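Shown next: upload-v3.csv, given as CSV, C-alpha atoms.
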```csv
chain,number,residue,atom,x,y,z
A,274,MET,CA,-178.5,15.2,-96.9
A,275,THR,CA,-176.6,17.2,-94.4
A,276,VAL,CA,-173.7,14.8,-94.5
A,277,ILE,CA,-173.6,15.1,-98.3
A,278,ILE,CA,-173.6,19.0,-98.2
A,279,THR,CA,-170.8,18.9,-95.5
A,280,VAL,CA,-168.7,16.6,-97.7
A,281,VAL,CA,-169.2,18.8,-100.8
A,282,LEU,CA,-168.3,21.9,-98.8
A,283,LEU,CA,-165.2,20.2,-97.4
A,284,LEU,CA,-164.1,19.1,-100.9
A,285,ALA,CA,-164.6,22.6,-102.2
A,286,ALA,CA,-162.5,24.1,-99.4
A,287,LEU,CA,-159.7,21.6,-100.1
A,288,ALA,CA,-159.8,22.5,-103.8
A,289,ILE,CA,-159.5,26.2,-102.9
A,290,LEU,CA,-156.6,25.5,-100.5
A,291,TYR,CA,-154.9,23.4,-103.2
A,292,ASN,CA,-155.3,26.1,-105.8
A,293,ARG,CA,-153.9,28.7,-103.5
A,294,GLN,CA,-150.9,26.6,-102.7
A,295,THR,CA,-150.4,25.3,-106.3
A,296,PRO,CA,-150.7,28.1,-108.8
A,297,HIS,CA,-152.4,27.4,-112.1
A,298,PRO,CA,-150.0,26.3,-114.8
A,299,SER,CA,-150.6,29.5,-116.7
A,300,ALA,CA,-149.5,31.5,-113.7
A,301,ARG,CA,-146.4,29.4,-113.3
A,302,ARG,CA,-145.7,29.9,-117.0
A,303,LEU,CA,-145.9,33.6,-116.5
A,304,ALA,CA,-143.5,33.3,-113.6
A,305,CYS,CA,-141.1,31.4,-115.8
A,306,ARG,CA,-141.4,34.2,-118.4
A,307,THR,CA,-140.7,36.8,-115.7
A,308,ASN,CA,-137.6,34.8,-114.7
A,309,LEU,CA,-136.2,34.9,-118.2
A,310,LYS,CA,-137.1,38.6,-118.6
A,311,GLY,CA,-135.1,39.4,-115.4
A,312,LEU,CA,-132.2,37.3,-116.6
A,313,GLY,CA,-132.2,39.2,-119.9
A,314,THR,CA,-132.1,42.5,-118.0
A,315,ALA,CA,-129.2,41.3,-115.9
A,316,MET,CA,-127.3,40.1,-119.0
A,317,SER,CA,-127.6,43.6,-120.4
A,318,VAL,CA,-126.4,45.1,-117.2
A,319,TYR,CA,-123.5,42.7,-117.2
A,320,ALA,CA,-122.7,43.4,-120.9
A,321,ASN,CA,-122.6,47.1,-120.1
A,322,ASP,CA,-119.7,46.5,-117.7
A,323,TYR,CA,-117.9,44.0,-119.9
A,324,ALA,CA,-117.5,45.6,-123.4
A,325,ASP,CA,-120.9,44.4,-124.6
A,326,ARG,CA,-120.1,40.7,-123.8
A,327,PHE,CA,-122.7,38.5,-122.2
A,328,PRO,CA,-121.6,36.4,-119.2
A,329,GLN,CA,-118.8,34.0,-120.0
A,330,LEU,CA,-116.6,32.3,-117.4
A,331,PRO,CA,-113.0,33.0,-118.2
A,332,GLY,CA,-110.6,30.3,-119.4
A,333,THR,CA,-110.2,28.1,-122.5
A,334,GLY,CA,-111.3,24.7,-121.3
A,335,PRO,CA,-114.2,22.7,-122.9
A,336,TRP,CA,-117.8,23.0,-121.8
A,337,THR,CA,-118.5,20.3,-119.4
A,338,LYS,CA,-121.2,18.8,-117.1
A,339,GLN,CA,-119.4,19.6,-113.9
A,340,LEU,CA,-117.1,22.5,-113.2
A,341,GLY,CA,-113.4,21.6,-113.5
A,342,PHE,CA,-112.6,23.1,-110.1
A,343,SER,CA,-114.4,23.4,-106.8
A,344,TYR,CA,-117.4,25.8,-107.0
A,345,ASP,CA,-116.3,27.4,-103.7
A,346,LEU,CA,-112.7,28.0,-104.7
A,347,THR,CA,-111.9,31.4,-103.4
A,348,THR,CA,-109.3,32.6,-105.9
A,349,PRO,CA,-109.2,30.6,-109.1
A,350,ASP,CA,-106.4,31.6,-111.5
A,351,PHE,CA,-107.9,32.1,-115.0
A,352,SER,CA,-104.8,33.8,-116.4
A,353,PRO,CA,-103.0,32.1,-119.4
A,354,GLY,CA,-101.2,29.1,-117.9
A,355,GLY,CA,-103.0,29.5,-114.6
A,356,ALA,CA,-104.3,26.5,-112.7
A,357,GLN,CA,-107.9,27.1,-113.8
A,358,SER,CA,-107.2,28.5,-117.3
A,359,ASN,CA,-107.8,25.2,-119.2
A,360,VAL,CA,-110.2,23.2,-117.0
A,361,GLY,CA,-113.8,22.2,-117.8
A,362,ARG,CA,-116.3,25.1,-117.7
A,363,THR,CA,-120.0,24.6,-117.3
A,364,VAL,CA,-122.6,26.7,-119.0
A,365,THR,CA,-124.2,27.2,-115.7
A,366,ALA,CA,-121.0,28.8,-114.4
A,367,SER,CA,-121.5,31.5,-117.0
A,368,TRP,CA,-125.1,31.9,-115.7
A,369,TYR,CA,-123.7,32.1,-112.2
A,370,LEU,CA,-121.7,35.3,-113.0
A,371,LEU,CA,-125.1,37.0,-112.9
A,372,VAL,CA,-125.4,35.9,-109.2
A,373,ARG,CA,-121.9,37.1,-108.5
A,374,GLU,CA,-122.1,40.5,-110.3
A,375,ALA,CA,-125.7,41.4,-111.2
A,376,ASP,CA,-127.5,40.7,-107.9
A,377,VAL,CA,-129.6,37.9,-109.4
A,378,SER,CA,-131.1,35.3,-107.0
A,379,PRO,CA,-130.4,31.6,-107.7
A,380,ARG,CA,-134.2,31.1,-107.5
A,381,SER,CA,-134.5,33.1,-110.8
A,382,PHE,CA,-132.9,30.2,-112.7
A,383,VAL,CA,-135.6,27.6,-111.9
A,384,CYS,CA,-138.8,27.5,-113.9
A,385,PRO,CA,-141.8,26.8,-111.5
A,386,LEU,CA,-143.0,24.2,-114.0
A,387,ASP,CA,-139.7,22.3,-114.2
A,388,GLU,CA,-140.2,19.5,-111.7
A,389,GLY,CA,-136.7,18.2,-112.3
A,390,ARG,CA,-135.0,21.2,-110.8
A,391,GLY,CA,-134.6,22.5,-107.2
A,392,TYR,CA,-133.5,25.9,-105.9
A,393,PHE,CA,-129.8,26.3,-105.1
A,394,ASP,CA,-129.7,27.0,-101.4
A,395,PRO,CA,-126.3,25.8,-100.2
A,396,ALA,CA,-124.8,25.6,-96.7
A,397,LEU,CA,-122.1,28.1,-97.5
A,398,PRO,CA,-118.6,26.8,-96.7
A,399,ASN,CA,-115.8,28.8,-95.1
A,400,ASN,CA,-118.0,31.7,-94.3
A,401,LEU,CA,-118.3,32.5,-98.0
A,402,ASP,CA,-121.1,34.6,-99.4
A,403,ILE,CA,-123.3,33.3,-102.2
A,404,ILE,CA,-121.8,35.9,-104.5
A,405,GLU,CA,-118.3,34.5,-103.9
A,406,LEU,CA,-119.2,31.1,-105.4
A,407,TRP,CA,-118.5,30.1,-109.1
A,408,ASP,CA,-121.4,27.7,-109.9
A,409,PHE,CA,-124.6,26.2,-108.6
A,410,GLY,CA,-122.9,23.5,-106.5
A,411,PRO,CA,-121.1,20.3,-107.6
A,412,ASP,CA,-124.1,19.2,-109.8
A,413,PRO,CA,-125.2,22.6,-111.2
A,414,TYR,CA,-127.6,21.2,-113.8
A,415,LYS,CA,-129.9,20.3,-111.0
A,416,HIS,CA,-130.5,23.9,-110.1
A,417,VAL,CA,-130.9,25.6,-113.5
A,418,SER,CA,-133.9,25.3,-115.8
A,419,TYR,CA,-132.7,27.5,-118.6
A,420,ALA,CA,-130.4,26.8,-121.5
A,421,MET,CA,-128.3,29.7,-122.8
A,422,HIS,CA,-126.5,30.2,-126.1
A,423,LEU,CA,-123.2,28.4,-125.9
A,424,PRO,CA,-120.8,31.0,-124.4
A,425,TYR,CA,-117.6,29.0,-125.1
A,426,GLY,CA,-118.0,28.3,-128.8
A,427,ARG,CA,-116.8,30.2,-131.9
A,428,TYR,CA,-119.8,32.6,-131.9
A,429,PRO,CA,-120.7,33.6,-128.3
A,430,ALA,CA,-123.7,35.9,-128.1
A,431,ASP,CA,-123.3,39.6,-127.1
A,432,GLY,CA,-125.3,42.8,-126.9
A,433,SER,CA,-124.7,43.6,-130.5
A,434,GLY,CA,-126.7,40.6,-131.9
A,435,PRO,CA,-130.0,40.9,-133.8
A,436,ALA,CA,-133.3,41.3,-131.9
A,437,SER,CA,-134.5,37.9,-133.2
A,438,PHE,CA,-131.5,36.0,-131.9
A,439,ALA,CA,-132.5,33.5,-129.2
A,440,VAL,CA,-130.3,34.1,-126.2
A,441,ALA,CA,-131.9,31.7,-123.7
A,442,ALA,CA,-135.0,29.6,-123.2
A,443,ASP,CA,-136.5,26.7,-121.2
A,444,MET,CA,-134.2,23.7,-121.0
A,445,ASN,CA,-132.9,22.1,-124.2
A,446,PRO,CA,-134.9,18.9,-124.5
A,447,TRP,CA,-131.9,17.1,-126.0
A,448,MET,CA,-130.2,17.4,-122.6
A,449,LYS,CA,-131.4,15.5,-119.5
A,450,ASP,CA,-129.7,15.7,-116.1
A,451,GLY,CA,-126.7,17.2,-117.9
A,452,ASP,CA,-126.4,14.3,-120.4
A,453,PHE,CA,-127.4,14.1,-124.0
A,454,VAL,CA,-130.5,12.4,-125.3
A,455,PRO,CA,-130.4,10.7,-128.7
A,456,PRO,CA,-133.3,10.8,-131.1
A,457,PRO,CA,-135.5,7.6,-131.3
A,458,ALA,CA,-135.4,5.5,-134.4
A,459,SER,CA,-139.1,6.2,-134.7
A,460,ILE,CA,-141.8,7.9,-132.8
A,461,THR,CA,-145.6,7.7,-132.7
A,462,ALA,CA,-148.5,9.8,-131.6
A,463,ASN,CA,-148.8,7.7,-128.4
A,464,GLU,CA,-145.2,8.0,-127.2
A,465,TRP,CA,-144.0,11.4,-128.3
A,466,LYS,CA,-144.4,13.2,-124.9
A,467,GLY,CA,-141.6,11.0,-123.4
A,468,LYS,CA,-139.2,11.4,-126.2
A,469,VAL,CA,-137.5,14.3,-128.1
A,470,SER,CA,-137.2,14.2,-131.9
A,471,PHE,CA,-136.6,16.5,-134.8
A,472,LEU,CA,-139.1,18.9,-136.3
A,473,PRO,CA,-140.8,17.6,-139.4
A,474,ARG,CA,-140.4,19.4,-142.7
A,475,TYR,CA,-143.7,21.1,-142.1
A,476,TRP,CA,-143.0,24.1,-144.3
A,477,ASP,CA,-143.3,22.0,-147.4
A,478,GLN,CA,-146.2,22.9,-149.6
A,479,GLY,CA,-149.1,20.4,-149.5
A,480,THR,CA,-147.8,18.6,-146.4
A,481,SER,CA,-150.1,18.4,-143.4
A,482,TRP,CA,-148.6,17.8,-140.0
A,483,GLU,CA,-150.3,17.1,-136.7
A,484,LYS,CA,-149.6,19.3,-133.7
A,485,TRP,CA,-147.7,16.6,-131.8
A,486,GLU,CA,-145.2,16.3,-134.6
A,487,ILE,CA,-144.1,19.8,-134.0
A,488,GLN,CA,-144.4,19.6,-130.2
A,489,ARG,CA,-141.9,16.7,-130.1
A,490,ALA,CA,-139.1,19.2,-130.5
A,491,ASN,CA,-140.2,21.5,-127.7
A,492,ALA,CA,-139.0,21.8,-124.1
A,493,TYR,CA,-140.4,19.5,-121.4
A,494,ALA,CA,-141.3,22.0,-118.7
A,495,HIS,CA,-144.4,23.3,-120.3
A,496,GLU,CA,-145.9,20.0,-121.3
A,497,ARG,CA,-144.2,20.3,-124.7
A,498,GLU,CA,-146.7,23.0,-125.6
A,499,GLY,CA,-143.7,25.4,-126.3
A,500,GLN,CA,-141.0,27.3,-124.5
A,501,ASN,CA,-140.4,30.7,-123.1
A,502,VAL,CA,-137.6,32.3,-125.1
A,503,LEU,CA,-135.5,35.3,-124.4
A,504,PHE,CA,-134.4,37.2,-127.5
A,505,GLY,CA,-131.5,39.5,-128.2
A,506,ASP,CA,-133.5,42.7,-127.7
A,507,GLY,CA,-134.6,41.6,-124.2
A,508,HIS,CA,-138.2,40.6,-124.9
A,509,VAL,CA,-139.5,37.2,-123.9
A,510,SER,CA,-142.3,35.3,-125.7
A,511,PHE,CA,-143.9,31.8,-125.4
A,512,GLU,CA,-143.0,30.1,-128.7
A,513,LYS,CA,-145.0,27.1,-129.7
A,514,SER,CA,-142.3,25.7,-131.9
A,515,SER,CA,-138.5,25.5,-131.4
A,516,ASP,CA,-137.6,27.1,-134.8
A,517,CYS,CA,-138.1,30.6,-133.6
A,518,GLY,CA,-134.7,32.3,-133.9
A,519,VAL,CA,-133.1,34.2,-136.7
A,520,ARG,CA,-134.7,33.2,-140.0
A,521,ASN,CA,-136.6,30.4,-138.2
A,522,ASP,CA,-133.5,29.0,-136.7
A,523,ASN,CA,-134.0,26.0,-134.4
A,524,ILE,CA,-132.8,27.1,-131.0
A,525,TYR,CA,-132.0,23.6,-129.6
A,526,THR,CA,-129.9,22.2,-132.5
A,527,TYR,CA,-127.0,23.5,-134.5
A,528,TRP,CA,-126.6,23.8,-138.3
A,529,SER,CA,-125.0,20.9,-140.0
A,530,SER,CA,-123.1,23.2,-142.3
A,531,GLU,CA,-121.1,26.4,-141.8
A,532,ASP,CA,-121.7,27.9,-145.2
A,533,GLY,CA,-124.9,28.3,-147.2
A,534,ALA,CA,-127.3,26.9,-144.6
A,535,GLN,CA,-130.4,25.4,-146.2
A,536,GLU,CA,-133.9,25.2,-144.7
A,537,ASP,CA,-133.1,21.8,-143.1
A,538,ASP,CA,-130.0,23.2,-141.4
A,539,ARG,CA,-131.8,26.1,-139.8
A,540,ARG,CA,-135.2,24.6,-138.9
A,541,ILE,CA,-134.2,21.1,-138.1
A,542,GLY,CA,-130.4,21.0,-137.6
A,543,THR,CA,-128.3,18.5,-135.8
A,544,ASN,CA,-128.9,17.4,-132.2
A,545,PRO,CA,-126.1,17.9,-129.6
A,546,THR,CA,-124.2,14.7,-128.7
A,547,ALA,CA,-121.1,15.8,-126.9
A,548,ARG,CA,-119.3,18.8,-125.3
A,549,ASP,CA,-116.7,19.5,-127.9
A,550,LYS,CA,-115.8,22.0,-130.7
A,551,ASP,CA,-117.9,20.1,-133.2
A,552,ASN,CA,-121.1,20.6,-131.2
A,553,ASP,CA,-121.2,24.3,-131.6
A,554,ALA,CA,-123.0,27.1,-133.5
A,555,LYS,CA,-121.9,27.2,-137.1
A,556,SER,CA,-122.7,30.9,-137.7
A,557,LYS,CA,-123.3,34.1,-135.8
A,558,ASP,CA,-127.0,33.5,-136.7
A,559,ASP,CA,-127.1,30.0,-135.4
A,560,SER,CA,-128.6,30.0,-132.0
A,561,PHE,CA,-127.6,27.0,-130.0
A,562,LEU,CA,-129.0,26.9,-126.5
A,563,VAL,CA,-127.4,24.4,-124.1
A,564,ILE,CA,-126.5,23.7,-120.5
```

Written form, structure tokens:
Amino acid sequence: MTVIITVVLLLAALAILYNRQTPHPSARRLACRTNLKGLGTAMSVYANDYADRFPQLPGTGPWTKQLGFSYDLTTPDFSPGGAQSNVGRTVTASWYLLVREADVSPRSFVCPLDEGRGYFDPALPNNLDIIELWDFGPDPYKHVSYAMHLPYGRYPADGSGPASFAVAADMNPWMKDGDFVPPPASITANEWKGKVSFLPRYWDQGTSWEKWEIQRANAYAHEREGQNVLFGDGHVSFEKSSDCGVRNDNIYTYWSSEDGAQEDDRRIGTNPTARDKDNDAKSKDDSFLVI
């Protein structure tokens, strides 16, 4: 009997130790929300110094998976015709402007529930300070959990946007390791967690949809239960469906049409497939969160 009690007490002690070292998912979800809230505040501070514009790396190059110049280049030339004026720009490089100019820690860009990301903690070259870099290393997508509204498209977000416009959120599920994920030909209740697909037309009258059929379009970090979303007025909320922007705009896809968007355009949309001008928001109300 004594041995059994000892074993039970030992297991209880190990459970307590584990829980102390590994916070409950709800606590880590709150930490993720706090991260996004802080990023929203930093974006507002940045916009106050830059004519109401949110962070946007200078230049005219396409949005790419890797930065088109060395992330530790001391003096890039972004002027028209300059060496870095038309090279690839990562979305994460725009995020990194908050590290450079708004005193944001790189740790704030990693959701505690995002097991696919690690903190950016480089061995700084050439005696540089972390605020002198231009991106989160050579593979920046490995160190950022949050997608932001495409800053290099036709409709970059700024401080004048509506309160309900989604500015940033947990990672776009259509993008994995910096690459694009196509929708499956079909999806079942047994395999949806490992695949991303479109929202159903669940707003139709008389149609009943199961929870998983809505979850399949959510971000991965929070077990597809939903995503923390940063809105234009600075507030953050945990949204259980990805159609949560302006007029129920789907924040992870873009509209298929520029004019007269229909319900399908806003709430389902088109999945991103490439980093080019066609994969872009189609309206100032079309939130399109990417990395």

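Atom to atom, CA of Tyr369 (chain A) and CA of Ser510 (chain A) stand 23.2 Å apart.
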
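When the distance limit is 10 Å and only C-alpha atoms are what count, the residues near Pro545 (chain A), minus those fewer than 6 positions from it on the same chain, are Asn445, Trp447, Met448, Asp452, Phe453, Val454, Pro455, Tyr525, Thr526, Tyr527, Asp551, Asn552, Asp553, Phe561, Leu562 and Val563 of chain A.
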
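In this comparison, which uses all atoms listed in the file, the residue of A:Asp532, A:Asp387, A:Asp516, A:Asp408 approaching Pro298 (chain A) most closely is A:Asp387.
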
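Nearest residue to Asn544 (chain A), choosing from A:Ala490, A:Ile564, A:Leu503, A:Leu346 and counting only C-alpha atoms: A:Ala490.
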
Which polymer residues have any atom within 9 Å of an atom of Asp558 (chain A), counting only C-alpha atoms, with same-chain residues fewer than 2 positions away left out, as a PyMOL selection string?
chain A and resi 428+434-435+438+518-520+522+554-556+560

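Residue nearest Asp412 (chain A), chosen from A:Ser381, A:Asn321, A:Thr461, A:Ser343 and counting all atoms listed in the file: A:Ser343.
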
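Using all atoms listed in the file, the residues found no farther than 12 Å from Ala304 (chain A), other than those of its own chain fewer than 3 positions away, are Pro296, His297, Pro298, Ser299, Ala300, Arg301, Thr307, Asn308, Leu309, Lys310, Gly311, Arg380, Ser381, Phe382, Val383, Cys384, Pro385, Leu386, Asp387, Asn501, Val509 and Phe511 of chain A.
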
Interatomic distance (Å, one decimal) between CA of Lys513 (chain A) and CA of Ile487 (chain A):
8.5 Å

If you keep C-alpha atoms, can you output region 494-564 of chain A as a compact mmCIF listing (two decimals), in the first residue's frame?
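Once written, out.txt looks like this:
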```txt
# COMPACT_ATOMS: atom_id res chain seq x y z
CA ALA A 494 -1.82 26.79 -34.40
CA HIS A 495 -4.98 26.64 -32.29
CA GLU A 496 -6.06 23.12 -33.26
CA ARG A 497 -8.17 24.62 -36.07
CA GLU A 498 -10.60 25.89 -33.41
CA GLY A 499 -10.09 29.43 -34.71
CA GLN A 500 -7.52 32.21 -34.87
CA ASN A 501 -6.54 35.29 -32.97
CA VAL A 502 -7.22 38.25 -35.24
CA LEU A 503 -5.96 41.84 -34.98
CA PHE A 504 -8.44 44.38 -36.35
CA GLY A 505 -8.02 47.90 -37.64
CA ASP A 506 -9.03 49.58 -34.40
CA GLY A 507 -6.35 47.65 -32.47
CA HIS A 508 -8.55 45.12 -30.72
CA VAL A 509 -7.83 41.37 -30.89
CA SER A 510 -10.39 38.60 -30.67
CA PHE A 511 -10.40 34.84 -31.09
CA GLU A 512 -12.53 34.19 -34.15
CA LYS A 513 -13.93 30.69 -34.65
CA SER A 514 -14.32 31.16 -38.40
CA SER A 515 -12.05 32.78 -40.96
CA ASP A 516 -14.79 34.93 -42.50
CA CYS A 517 -14.49 37.64 -39.89
CA GLY A 518 -13.36 40.79 -41.67
CA VAL A 519 -15.33 43.60 -43.26
CA ARG A 520 -18.80 42.28 -44.21
CA ASN A 521 -17.74 38.73 -43.29
CA ASP A 522 -14.70 38.86 -45.54
CA ASN A 523 -12.54 35.71 -45.47
CA ILE A 524 -9.19 36.91 -44.15
CA TYR A 525 -7.09 34.10 -45.70
CA THR A 526 -8.33 34.26 -49.29
CA TYR A 527 -8.86 37.09 -51.75
CA TRP A 528 -11.93 37.99 -53.78
CA SER A 529 -12.24 36.49 -57.24
CA SER A 530 -13.67 39.70 -58.63
CA GLU A 531 -12.73 43.36 -58.24
CA ASP A 532 -16.21 44.74 -58.80
CA GLY A 533 -19.51 43.79 -57.24
CA ALA A 534 -18.22 41.08 -54.92
CA GLN A 535 -20.82 38.44 -54.17
CA GLU A 536 -21.23 36.37 -51.02
CA ASP A 537 -18.93 33.65 -52.34
CA ASP A 538 -16.24 36.21 -53.14
CA ARG A 539 -16.18 37.61 -49.64
CA ARG A 540 -16.80 34.56 -47.47
CA ILE A 541 -15.06 31.87 -49.52
CA GLY A 542 -12.80 33.63 -52.00
CA THR A 543 -9.77 32.32 -53.89
CA ASN A 544 -6.84 30.55 -52.24
CA PRO A 545 -3.36 32.06 -52.75
CA THR A 546 -1.16 30.14 -55.19
CA ALA A 547 1.74 32.46 -56.07
CA ARG A 548 3.45 35.67 -55.11
CA ASP A 549 2.40 37.88 -57.98
CA LYS A 550 0.06 40.75 -58.76
CA ASP A 551 -2.86 38.40 -59.41
CA ASN A 552 -2.68 37.02 -55.86
CA ASP A 553 -3.71 40.23 -54.16
CA ALA A 554 -6.61 41.95 -52.46
CA LYS A 555 -9.21 43.08 -54.98
CA SER A 556 -10.62 45.93 -52.94
CA LYS A 557 -9.77 48.14 -49.98
CA ASP A 558 -12.29 46.00 -48.04
CA ASP A 559 -10.65 42.72 -49.07
CA SER A 560 -8.42 41.61 -46.22
CA PHE A 561 -5.74 39.21 -47.48
CA LEU A 562 -3.41 37.98 -44.74
CA VAL A 563 -0.20 36.34 -45.92
CA ILE A 564 3.47 35.74 -45.15
```
